[in-house]
Amino acid sequence: MNKPLRRIAIFCGLLVLTLLLRDNWLQYVKADSLKDDPKNRRVTIARYSTPRGDIIVDGDPITGSTKTSKSGLNDLEYKRTYKDGAMWAPVTGYASQAFGANQLESIEDGILTGTDDRLFFRNTLDMITGKQKQGGNVVTTLNAAAQKAAYNGLKSQGGKGAVAAIDPSTGKILALASYPSYDPSSFAGNSTDTDSKAWQKLQKKVNPNDPMLNRALREVYPPGSTFKVVTAAAALENGLYNSADENTDSPLPYIMKGTTTELKNEGNIPCKNATLRTALRVSCNTVFGKIGSDLGNDKMLAEAKKFGFDEEQFTPTRTAASVFSDNMNSSQTALSSIGQYNTAATPLQMAMVASAVANDGKLMKPYMVDKLQSSNLDTIAQTDPQEMSQPLSSKNAQILQSMMETVVKEGTGTNAQIPGVTVGGKTGTAQHGVANSKNPYAWFISYAKLPDGSSPVAVATVIEDDNANRDDISGGGLAAPIAKSVMEAVINSKK
């Protein structure tokens, strides 16, 4: 080969090598960034080119897909639909052509669109047979009757609030309701006139009620007296007291250590040296505040962490972390131990507290996805119950159960009584605002125990009503009836 031809051959070879390098760079190194580039519509077009799989509750889909009218700039063929969208929004989240997706719709997007690697065999088989690619299903742990009872109960109050319900023995989430809520169908498309306007109306800067906030998982509230269940557990676990019926060392008045400030009770209630049972039944601030102070910040924090405080949960939807602070002095620990000061909790967290007590001290990891299915209903992933921690011994859990059951039998929680069922509970009316200037939050946590000794459900309910008469706000009055209806729904669904 003469010299000019050799040079041309080398040059052509370099060009081919450069093309190969560039091709590999684009296909492997830059693949993910190009796929996720907002200017790349191929992924979005592919996502909405076929119907999404469904989110399933009690064997029935609560989602669907419908064809869109492809016109103008709309090149997306299908959009999401929702059944009772506002009721289920805290579970499903949304999938919108214009605004993306969140919660289960986002977390399990690969399954729902059929692009997950675990669906490779199914997709390959469909390609060979010429069948259109289909998304898989997400089968939840939710109980439809419990969810309806929770949502309707919150709606009837007319304010804001949330409910979380768990199966104590497995950690399955049975209800997850938030009010006010929103219908994800209202902005599932990408129309400027309808979907964009609906989206804007739901934003917090336009709608101060913030209906898109998942209050069951993402909002933390001062838990008030419901936190006294955690404090009672700490007292028993650390040997400060060994039974429900021994007198506590609880002076009245009680001046918080290191201060001249008296910690007061609500009303004239029998709190001086009261037993743990009496103190929980009438909700003595002095007894539980002093227990927290006597145990100290470190022991109280350790017990709170065993119940799940100070860490996010993944259900798989991420929750806000509930809070019990570190490095507090004695008086701050006292206030935190009655659910005030910096203490804050999500409704799911307080349902976890009730469920651990009901499950003889064992806390199961909460989850809401039971299994993932391919389009032909084959199971490709199954969630197994998993023990998260042991906040208290079986013996101490049974002591605490007897105390919580007294609260419902003859204390502040009588509105949660269910005929033929043993109910344990704790009310809470949590202070809110500077110097308690705003309406308090009404709380109730509870569990139901059947005659065979099993406990199918634990519930936490919180109500925030800025318009209610302050004197009418109480956990037993506002929150307990909702919890009762949720527990009844779960029990009746098992008959």
# chains A, B, ... in the order shown; residues from 1 in each chain; ligands from 1

call {"tool": "select_by_dssp", "arguments": {"residues": "segment 91-203 of chain A", "states": "strand (DSSP E or B)", "output": "JSON, numbers by chain"}}
result
{"A": [95, 96, 100, 101, 137, 138, 139, 140, 160, 161, 162, 163, 164, 165, 166, 172, 173, 174, 175, 176, 177, 178, 179]}

call {"tool": "residues_around", "arguments": {"residues": "Asp298 of chain A", "least_positions_apart": "2", "cutoff": "12 Å", "atoms": "only C-alpha atoms", "output": "PDB file with N, CA, C and O atoms, in the first residue's frame"}}
result
ATOM      1  N   ALA A 234     -40.976   3.452  79.679  1.00  0.00           N
ATOM      2  CA  ALA A 234     -39.621   3.727  80.167  1.00  0.00           C
ATOM      3  C   ALA A 234     -39.520   3.492  81.669  1.00  0.00           C
ATOM      4  O   ALA A 234     -38.514   2.955  82.163  1.00  0.00           O
ATOM      5  N   ASN A 238     -37.069   0.478  83.006  1.00  0.00           N
ATOM      6  CA  ASN A 238     -35.894   0.875  83.778  1.00  0.00           C
ATOM      7  C   ASN A 238     -36.037   0.588  85.270  1.00  0.00           C
ATOM      8  O   ASN A 238     -35.181   0.980  86.067  1.00  0.00           O
ATOM      9  N   GLY A 292     -40.158  11.282  83.819  1.00  0.00           N
ATOM     10  CA  GLY A 292     -39.166  11.639  82.807  1.00  0.00           C
ATOM     11  C   GLY A 292     -37.955  12.310  83.417  1.00  0.00           C
ATOM     12  O   GLY A 292     -36.804  12.023  83.050  1.00  0.00           O
ATOM     13  N   SER A 293     -38.197  13.207  84.355  1.00  0.00           N
ATOM     14  CA  SER A 293     -37.098  13.908  85.025  1.00  0.00           C
ATOM     15  C   SER A 293     -36.253  12.938  85.849  1.00  0.00           C
ATOM     16  O   SER A 293     -35.021  13.009  85.848  1.00  0.00           O
ATOM     17  N   ASP A 294     -36.918  12.029  86.569  1.00  0.00           N
ATOM     18  CA  ASP A 294     -36.199  11.062  87.408  1.00  0.00           C
ATOM     19  C   ASP A 294     -35.349  10.110  86.563  1.00  0.00           C
ATOM     20  O   ASP A 294     -34.223   9.766  86.934  1.00  0.00           O
ATOM     21  N   LEU A 295     -35.888   9.673  85.426  1.00  0.00           N
ATOM     22  CA  LEU A 295     -35.128   8.769  84.562  1.00  0.00           C
ATOM     23  C   LEU A 295     -33.991   9.485  83.860  1.00  0.00           C
ATOM     24  O   LEU A 295     -32.919   8.925  83.636  1.00  0.00           O
ATOM     25  N   GLY A 296     -34.227  10.729  83.485  1.00  0.00           N
ATOM     26  CA  GLY A 296     -33.221  11.513  82.791  1.00  0.00           C
ATOM     27  C   GLY A 296     -33.345  11.402  81.281  1.00  0.00           C
ATOM     28  O   GLY A 296     -33.972  10.484  80.744  1.00  0.00           O
ATOM     29  N   MET A 300     -34.845   8.237  78.705  1.00  0.00           N
ATOM     30  CA  MET A 300     -36.074   8.547  77.980  1.00  0.00           C
ATOM     31  C   MET A 300     -35.828   8.507  76.463  1.00  0.00           C
ATOM     32  O   MET A 300     -36.648   7.981  75.703  1.00  0.00           O
ATOM     33  N   LEU A 301     -34.690   9.042  76.046  1.00  0.00           N
ATOM     34  CA  LEU A 301     -34.360   9.044  74.623  1.00  0.00           C
ATOM     35  C   LEU A 301     -34.168   7.619  74.114  1.00  0.00           C
ATOM     36  O   LEU A 301     -34.657   7.268  73.030  1.00  0.00           O
ATOM     37  N   ALA A 302     -33.503   6.789  74.896  1.00  0.00           N
ATOM     38  CA  ALA A 302     -33.276   5.405  74.482  1.00  0.00           C
ATOM     39  C   ALA A 302     -34.598   4.671  74.293  1.00  0.00           C
ATOM     40  O   ALA A 302     -34.765   3.908  73.327  1.00  0.00           O
ATOM     41  N   GLU A 303     -35.545   4.891  75.203  1.00  0.00           N
ATOM     42  CA  GLU A 303     -36.845   4.216  75.081  1.00  0.00           C
ATOM     43  C   GLU A 303     -37.623   4.742  73.883  1.00  0.00           C
ATOM     44  O   GLU A 303     -38.232   3.966  73.135  1.00  0.00           O
ATOM     45  N   ALA A 304     -37.603   6.054  73.677  1.00  0.00           N
ATOM     46  CA  ALA A 304     -38.302   6.640  72.525  1.00  0.00           C
ATOM     47  C   ALA A 304     -37.747   6.088  71.219  1.00  0.00           C
ATOM     48  O   ALA A 304     -38.507   5.785  70.285  1.00  0.00           O
ATOM     49  N   LYS A 305     -36.436   5.939  71.144  1.00  0.00           N
ATOM     50  CA  LYS A 305     -35.818   5.412  69.922  1.00  0.00           C
ATOM     51  C   LYS A 305     -36.236   3.969  69.657  1.00  0.00           C
ATOM     52  O   LYS A 305     -36.380   3.555  68.506  1.00  0.00           O
ATOM     53  N   PHE A 324     -37.640  13.080  69.631  1.00  0.00           N
ATOM     54  CA  PHE A 324     -37.441  13.239  71.065  1.00  0.00           C
ATOM     55  C   PHE A 324     -36.008  13.711  71.218  1.00  0.00           C
ATOM     56  O   PHE A 324     -35.074  13.035  70.799  1.00  0.00           O
ATOM     57  N   SER A 325     -35.832  14.870  71.812  1.00  0.00           N
ATOM     58  CA  SER A 325     -34.542  15.556  71.754  1.00  0.00           C
ATOM     59  C   SER A 325     -33.498  14.968  72.698  1.00  0.00           C
ATOM     60  O   SER A 325     -33.818  14.312  73.688  1.00  0.00           O
ATOM     61  N   ASP A 326     -32.261  15.260  72.370  1.00  0.00           N
ATOM     62  CA  ASP A 326     -31.108  14.913  73.192  1.00  0.00           C
ATOM     63  C   ASP A 326     -30.618  16.176  73.901  1.00  0.00           C
ATOM     64  O   ASP A 326     -31.030  17.292  73.570  1.00  0.00           O
ATOM     65  N   ASN A 327     -29.750  15.989  74.883  1.00  0.00           N
ATOM     66  CA  ASN A 327     -29.100  17.113  75.586  1.00  0.00           C
ATOM     67  C   ASN A 327     -30.101  18.080  76.207  1.00  0.00           C
ATOM     68  O   ASN A 327     -29.913  19.302  76.168  1.00  0.00           O
ATOM     69  N   MET A 328     -31.179  17.549  76.777  1.00  0.00           N
ATOM     70  CA  MET A 328     -32.143  18.397  77.480  1.00  0.00           C
ATOM     71  C   MET A 328     -31.854  18.394  78.978  1.00  0.00           C
ATOM     72  O   MET A 328     -31.373  17.398  79.531  1.00  0.00           O
ATOM     73  N   ASN A 329     -32.164  19.501  79.637  1.00  0.00           N
ATOM     74  CA  ASN A 329     -32.026  19.530  81.096  1.00  0.00           C
ATOM     75  C   ASN A 329     -33.236  18.855  81.738  1.00  0.00           C
ATOM     76  O   ASN A 329     -34.147  18.377  81.050  1.00  0.00           O
ATOM     77  N   SER A 330     -33.271  18.836  83.047  1.00  0.00           N
ATOM     78  CA  SER A 330     -34.288  18.071  83.761  1.00  0.00           C
ATOM     79  C   SER A 330     -35.702  18.573  83.493  1.00  0.00           C
ATOM     80  O   SER A 330     -36.625  17.777  83.274  1.00  0.00           O
ATOM     81  N   THR A 333     -36.736  17.751  79.938  1.00  0.00           N
ATOM     82  CA  THR A 333     -37.055  16.325  79.834  1.00  0.00           C
ATOM     83  C   THR A 333     -38.423  16.037  80.420  1.00  0.00           C
ATOM     84  O   THR A 333     -39.188  15.223  79.880  1.00  0.00           O
TER      85      THR A 333
END

call {"tool": "closest_residue", "arguments": {"among": "A:Val163, A:Ala460, A:Ala101, A:Met256", "to": "Ala188 of chain A", "atoms": "only C-alpha atoms"}}
result
A:Ala101

call {"tool": "closest_atom_pairs", "arguments": {"of": "segment 294-356 of chain A", "to": "segment 398-404 of chain A", "cutoff": "12 Å", "atoms": "only C-alpha atoms", "output": "tab-separated table"}}
result
residue	atom	partner	partner_atom	distance
A:Val353	CA	A:Leu400	CA	11.5
A:Ala354	CA	A:Gln401	CA	9.4
A:Ser355	CA	A:Gln401	CA	10.6
A:Ala356	CA	A:Gln401	CA	10.2

call {"tool": "residues_around", "arguments": {"residues": "segment 202-215 of chain A", "least_positions_apart": "3", "cutoff": "7 Å", "atoms": "only C-alpha atoms", "output": "ChimeraX atom specification"}}
result
/A:90,161-162,178-182,198-199,218-219

call {"tool": "select_by_dssp", "arguments": {"residues": "segment 51-128 of chain A", "states": "helix (DSSP H, G or I)", "output": "VMD selection string"}}
result
chain A and resid 85 to 92 103 to 107 109 to 113 117 to 128

call {"tool": "write_last_selection", "arguments": {"atoms": "N, CA, C and O atoms", "output": "compact mmCIF listing (two decimals), in the first residue's frame"}}
result
# COMPACT_ATOMS: atom_id res chain seq x y z
N GLY A 85 -60.29 9.08 44.63
CA GLY A 85 -58.91 9.59 44.65
C GLY A 85 -58.53 10.32 45.91
O GLY A 85 -57.43 10.12 46.44
N ALA A 86 -59.41 11.17 46.44
CA ALA A 86 -59.07 11.94 47.64
C ALA A 86 -58.88 11.04 48.84
O ALA A 86 -58.02 11.29 49.70
N MET A 87 -59.67 9.98 48.92
CA MET A 87 -59.57 9.07 50.07
C MET A 87 -58.25 8.30 50.04
O MET A 87 -57.62 8.07 51.08
N TRP A 88 -57.81 7.93 48.82
CA TRP A 88 -56.63 7.07 48.69
C TRP A 88 -55.34 7.82 48.39
O TRP A 88 -54.27 7.22 48.34
N ALA A 89 -55.39 9.14 48.21
CA ALA A 89 -54.21 9.90 47.82
C ALA A 89 -53.02 9.70 48.77
O ALA A 89 -51.87 9.64 48.30
N PRO A 90 -53.22 9.62 50.11
CA PRO A 90 -52.05 9.39 50.98
C PRO A 90 -51.37 8.05 50.75
O PRO A 90 -50.23 7.85 51.17
N VAL A 91 -52.04 7.13 50.09
CA VAL A 91 -51.47 5.82 49.77
C VAL A 91 -50.86 5.82 48.38
O VAL A 91 -49.70 5.46 48.18
N THR A 92 -51.66 6.22 47.38
CA THR A 92 -51.21 6.13 45.99
C THR A 92 -50.23 7.22 45.61
O THR A 92 -49.30 6.99 44.84
N GLN A 103 -44.93 9.21 45.84
CA GLN A 103 -45.36 8.10 46.69
C GLN A 103 -45.35 6.77 45.92
O GLN A 103 -44.42 6.50 45.17
N LEU A 104 -46.34 5.91 46.11
CA LEU A 104 -46.29 4.60 45.47
C LEU A 104 -46.22 4.70 43.96
O LEU A 104 -45.56 3.89 43.29
N GLU A 105 -46.89 5.69 43.38
CA GLU A 105 -46.86 5.87 41.93
C GLU A 105 -45.44 6.11 41.43
O GLU A 105 -45.09 5.72 40.31
N SER A 106 -44.63 6.75 42.24
CA SER A 106 -43.24 7.01 41.86
C SER A 106 -42.31 5.87 42.27
O SER A 106 -41.50 5.39 41.48
N ILE A 107 -42.46 5.41 43.52
CA ILE A 107 -41.56 4.39 44.05
C ILE A 107 -41.65 3.10 43.23
O ILE A 107 -40.64 2.45 42.95
N ASP A 109 -42.84 2.88 40.09
CA ASP A 109 -43.10 3.27 38.71
C ASP A 109 -42.64 2.20 37.72
O ASP A 109 -43.31 1.92 36.72
N GLY A 110 -41.51 1.58 37.99
CA GLY A 110 -41.00 0.56 37.09
C GLY A 110 -41.93 -0.63 36.96
O GLY A 110 -42.12 -1.18 35.87
N ILE A 111 -42.51 -1.04 38.07
CA ILE A 111 -43.48 -2.14 38.04
C ILE A 111 -44.74 -1.71 37.30
O ILE A 111 -45.25 -2.42 36.43
N LEU A 112 -45.24 -0.53 37.63
CA LEU A 112 -46.51 -0.06 37.07
C LEU A 112 -46.42 0.21 35.58
O LEU A 112 -47.40 0.07 34.84
N THR A 113 -45.25 0.63 35.10
CA THR A 113 -45.08 0.90 33.67
C THR A 113 -44.56 -0.32 32.91
O THR A 113 -44.51 -0.31 31.68
N ASP A 117 -36.67 -4.28 35.71
CA ASP A 117 -35.86 -5.41 35.23
C ASP A 117 -36.46 -6.76 35.64
O ASP A 117 -36.24 -7.77 34.97
N ARG A 118 -37.21 -6.78 36.74
CA ARG A 118 -37.80 -8.04 37.21
C ARG A 118 -38.91 -8.53 36.29
O ARG A 118 -39.37 -9.66 36.41
N LEU A 119 -39.35 -7.64 35.38
CA LEU A 119 -40.39 -8.02 34.42
C LEU A 119 -39.79 -8.41 33.07
O LEU A 119 -40.53 -8.55 32.08
N PHE A 120 -38.47 -8.60 33.02
CA PHE A 120 -37.80 -8.86 31.74
C PHE A 120 -38.37 -10.09 31.04
O PHE A 120 -38.67 -10.07 29.84
N PHE A 121 -38.50 -11.20 31.75
CA PHE A 121 -38.99 -12.42 31.14
C PHE A 121 -40.40 -12.23 30.60
O PHE A 121 -40.72 -12.65 29.47
N ARG A 122 -41.26 -11.57 31.40
CA ARG A 122 -42.63 -11.34 30.96
C ARG A 122 -42.66 -10.47 29.72
O ARG A 122 -43.39 -10.74 28.76
N ASN A 123 -41.85 -9.41 29.71
CA ASN A 123 -41.81 -8.50 28.57
C ASN A 123 -41.26 -9.19 27.32
O ASN A 123 -41.73 -8.94 26.21
N THR A 124 -40.25 -10.05 27.52
CA THR A 124 -39.68 -10.77 26.38
C THR A 124 -40.72 -11.71 25.77
O THR A 124 -40.86 -11.81 24.55
N LEU A 125 -41.46 -12.40 26.63
CA LEU A 125 -42.49 -13.31 26.16
C LEU A 125 -43.58 -12.55 25.40
O LEU A 125 -44.05 -12.99 24.34
N ASP A 126 -43.97 -11.37 25.92
CA ASP A 126 -44.98 -10.56 25.24
C ASP A 126 -44.48 -10.08 23.88
O ASP A 126 -45.24 -10.01 22.91
N MET A 127 -43.18 -9.76 23.82
CA MET A 127 -42.61 -9.29 22.56
C MET A 127 -42.63 -10.40 21.51
O MET A 127 -42.96 -10.16 20.35
N ILE A 128 -42.32 -11.63 21.94
CA ILE A 128 -42.32 -12.77 21.03
C ILE A 128 -43.72 -13.06 20.51
O ILE A 128 -43.93 -13.36 19.34

call {"tool": "residues_around", "arguments": {"residues": "Ala458 of chain A", "least_positions_apart": "6", "cutoff": "8 Å", "atoms": "only C-alpha atoms", "output": "MDAnalysis selection string"}}
result
chainID A and resid 165:168 351:352 354:355 358 445:448 487

call {"tool": "write_last_selection", "arguments": {"atoms": "C-alpha atoms", "output": "CSV table (one decimal), in the first residue's frame"}}
result
chain,number,residue,atom,x,y,z
A,165,ALA,CA,-53.8,2.1,61.5
A,166,ILE,CA,-51.5,-1.0,61.7
A,167,ASP,CA,-51.8,-4.7,62.2
A,168,PRO,CA,-49.7,-5.1,65.4
A,351,ALA,CA,-49.8,4.0,65.8
A,352,MET,CA,-46.5,2.2,66.1
A,354,ALA,CA,-49.9,1.5,70.4
A,355,SER,CA,-49.1,-1.5,68.2
A,358,ALA,CA,-50.7,-4.5,71.9
A,445,ILE,CA,-54.1,6.1,70.2
A,446,SER,CA,-55.6,2.7,70.7
A,447,TYR,CA,-55.7,-1.0,70.0
A,448,ALA,CA,-58.5,-3.6,69.9
A,487,MET,CA,-61.2,-0.6,64.7

call {"tool": "atom_distance", "arguments": {"atom1": "atom CA of Val287 of chain A", "atom2": "atom CA of Ala274 of chain A"}}
result
7.3 Å

call {"tool": "atom_distance", "arguments": {"atom1": "atom CA of Ile482 of chain A", "atom2": "atom CA of Gly153 of chain A"}}
result
5.3 Å

call {"tool": "atom_distance", "arguments": {"atom1": "atom CA of Pro347 of chain A", "atom2": "atom CA of Glu312 of chain A"}}
result
13.0 Å

call {"tool": "closest_residue", "arguments": {"among": "A:Val462, A:Leu478, A:Ser196, A:Thr379", "to": "Gly224 of chain A", "atoms": "only C-alpha atoms"}}
result
A:Val462

call {"tool": "residues_around", "arguments": {"residues": "Glu77 of chain A", "least_positions_apart": "4", "cutoff": "10 Å", "atoms": "only C-alpha atoms", "output": "VMD selection string"}}
result
chain A and resid 45 to 51 65 to 70

call {"tool": "closest_residue", "arguments": {"among": "A:Ala397, A:Leu363, A:Ile463, A:Ala95", "to": "Ser156 of chain A", "atoms": "only C-alpha atoms"}}
result
A:Ile463

call {"tool": "residues_around", "arguments": {"residues": "Val57 of chain A", "least_positions_apart": "6", "cutoff": "12 Å", "atoms": "only C-alpha atoms", "output": "number ranges by chain"}}
result
A: 63, 83, 88, 91-92, 137-148, 173-175, 368-371

call {"tool": "write_last_selection", "arguments": {"atoms": "N, CA and C atoms", "output": "tab-separated table (two decimals), in the first residue's frame"}}
result
chain	number	residue	atom	x	y	z
A	63	THR	N	-56.97	2.31	41.07
A	63	THR	CA	-56.44	3.16	40.01
A	63	THR	C	-56.89	2.57	38.66
A	83	LYS	N	-59.94	5.87	41.62
A	83	LYS	CA	-61.24	5.62	42.24
A	83	LYS	C	-61.19	6.14	43.66
A	88	TRP	N	-57.81	7.93	48.82
A	88	TRP	CA	-56.63	7.07	48.69
A	88	TRP	C	-55.34	7.82	48.39
A	91	VAL	N	-52.04	7.13	50.09
A	91	VAL	CA	-51.47	5.82	49.77
A	91	VAL	C	-50.86	5.82	48.38
A	92	THR	N	-51.66	6.22	47.38
A	92	THR	CA	-51.21	6.13	45.99
A	92	THR	C	-50.23	7.22	45.61
A	137	ASN	N	-48.76	-4.92	38.81
A	137	ASN	CA	-49.62	-4.38	39.86
A	137	ASN	C	-48.88	-4.26	41.18
A	138	VAL	N	-49.30	-3.30	41.98
A	138	VAL	CA	-48.82	-3.14	43.34
A	138	VAL	C	-49.96	-3.50	44.28
A	139	VAL	N	-49.82	-4.58	45.00
A	139	VAL	CA	-50.87	-5.06	45.90
A	139	VAL	C	-50.56	-4.53	47.30
A	140	THR	N	-51.45	-3.74	47.86
A	140	THR	CA	-51.20	-3.10	49.15
A	140	THR	C	-51.74	-3.94	50.31
A	141	THR	N	-51.37	-3.53	51.50
A	141	THR	CA	-51.86	-4.16	52.74
A	141	THR	C	-53.11	-3.46	53.26
A	142	LEU	N	-53.57	-2.43	52.59
A	142	LEU	CA	-54.64	-1.58	53.11
A	142	LEU	C	-55.97	-2.34	53.20
A	143	ASN	N	-56.77	-1.91	54.16
A	143	ASN	CA	-58.11	-2.45	54.36
A	143	ASN	C	-59.10	-1.37	53.92
A	144	ALA	N	-59.89	-1.67	52.88
A	144	ALA	CA	-60.77	-0.66	52.28
A	144	ALA	C	-61.79	-0.12	53.28
A	145	ALA	N	-62.37	-0.99	54.10
A	145	ALA	CA	-63.37	-0.55	55.07
A	145	ALA	C	-62.75	0.36	56.13
A	146	ALA	N	-61.55	0.02	56.58
A	146	ALA	CA	-60.86	0.84	57.58
A	146	ALA	C	-60.51	2.20	57.01
A	147	GLN	N	-60.02	2.22	55.75
A	147	GLN	CA	-59.67	3.48	55.12
A	147	GLN	C	-60.90	4.37	54.97
A	148	LYS	N	-62.01	3.79	54.57
A	148	LYS	CA	-63.24	4.57	54.41
A	148	LYS	C	-63.71	5.14	55.75
A	173	ILE	N	-49.82	-1.90	57.24
A	173	ILE	CA	-50.60	-0.68	57.37
A	173	ILE	C	-52.00	-0.95	56.82
A	174	LEU	N	-53.01	-0.70	57.64
A	174	LEU	CA	-54.40	-1.00	57.27
A	174	LEU	C	-55.17	0.24	56.84
A	175	ALA	N	-54.77	1.39	57.32
A	175	ALA	CA	-55.42	2.64	56.93
A	175	ALA	C	-54.40	3.76	57.02
A	368	MET	N	-46.73	-1.02	53.61
A	368	MET	CA	-48.02	-0.95	52.94
A	368	MET	C	-48.06	-1.68	51.60
A	369	VAL	N	-46.95	-2.24	51.14
A	369	VAL	CA	-46.95	-3.03	49.91
A	369	VAL	C	-46.79	-4.49	50.27
A	370	ASP	N	-47.84	-5.27	50.01
A	370	ASP	CA	-47.82	-6.69	50.32
A	370	ASP	C	-47.01	-7.46	49.29
A	371	LYS	N	-47.28	-7.19	47.99
A	371	LYS	CA	-46.53	-7.87	46.93
A	371	LYS	C	-46.60	-7.09	45.63

call {"tool": "closest_residue", "arguments": {"among": "A:Pro419, A:Pro385, A:Gly428, A:Gly13", "to": "Gly171 of chain A", "atoms": "only C-alpha atoms"}}
result
A:Pro385
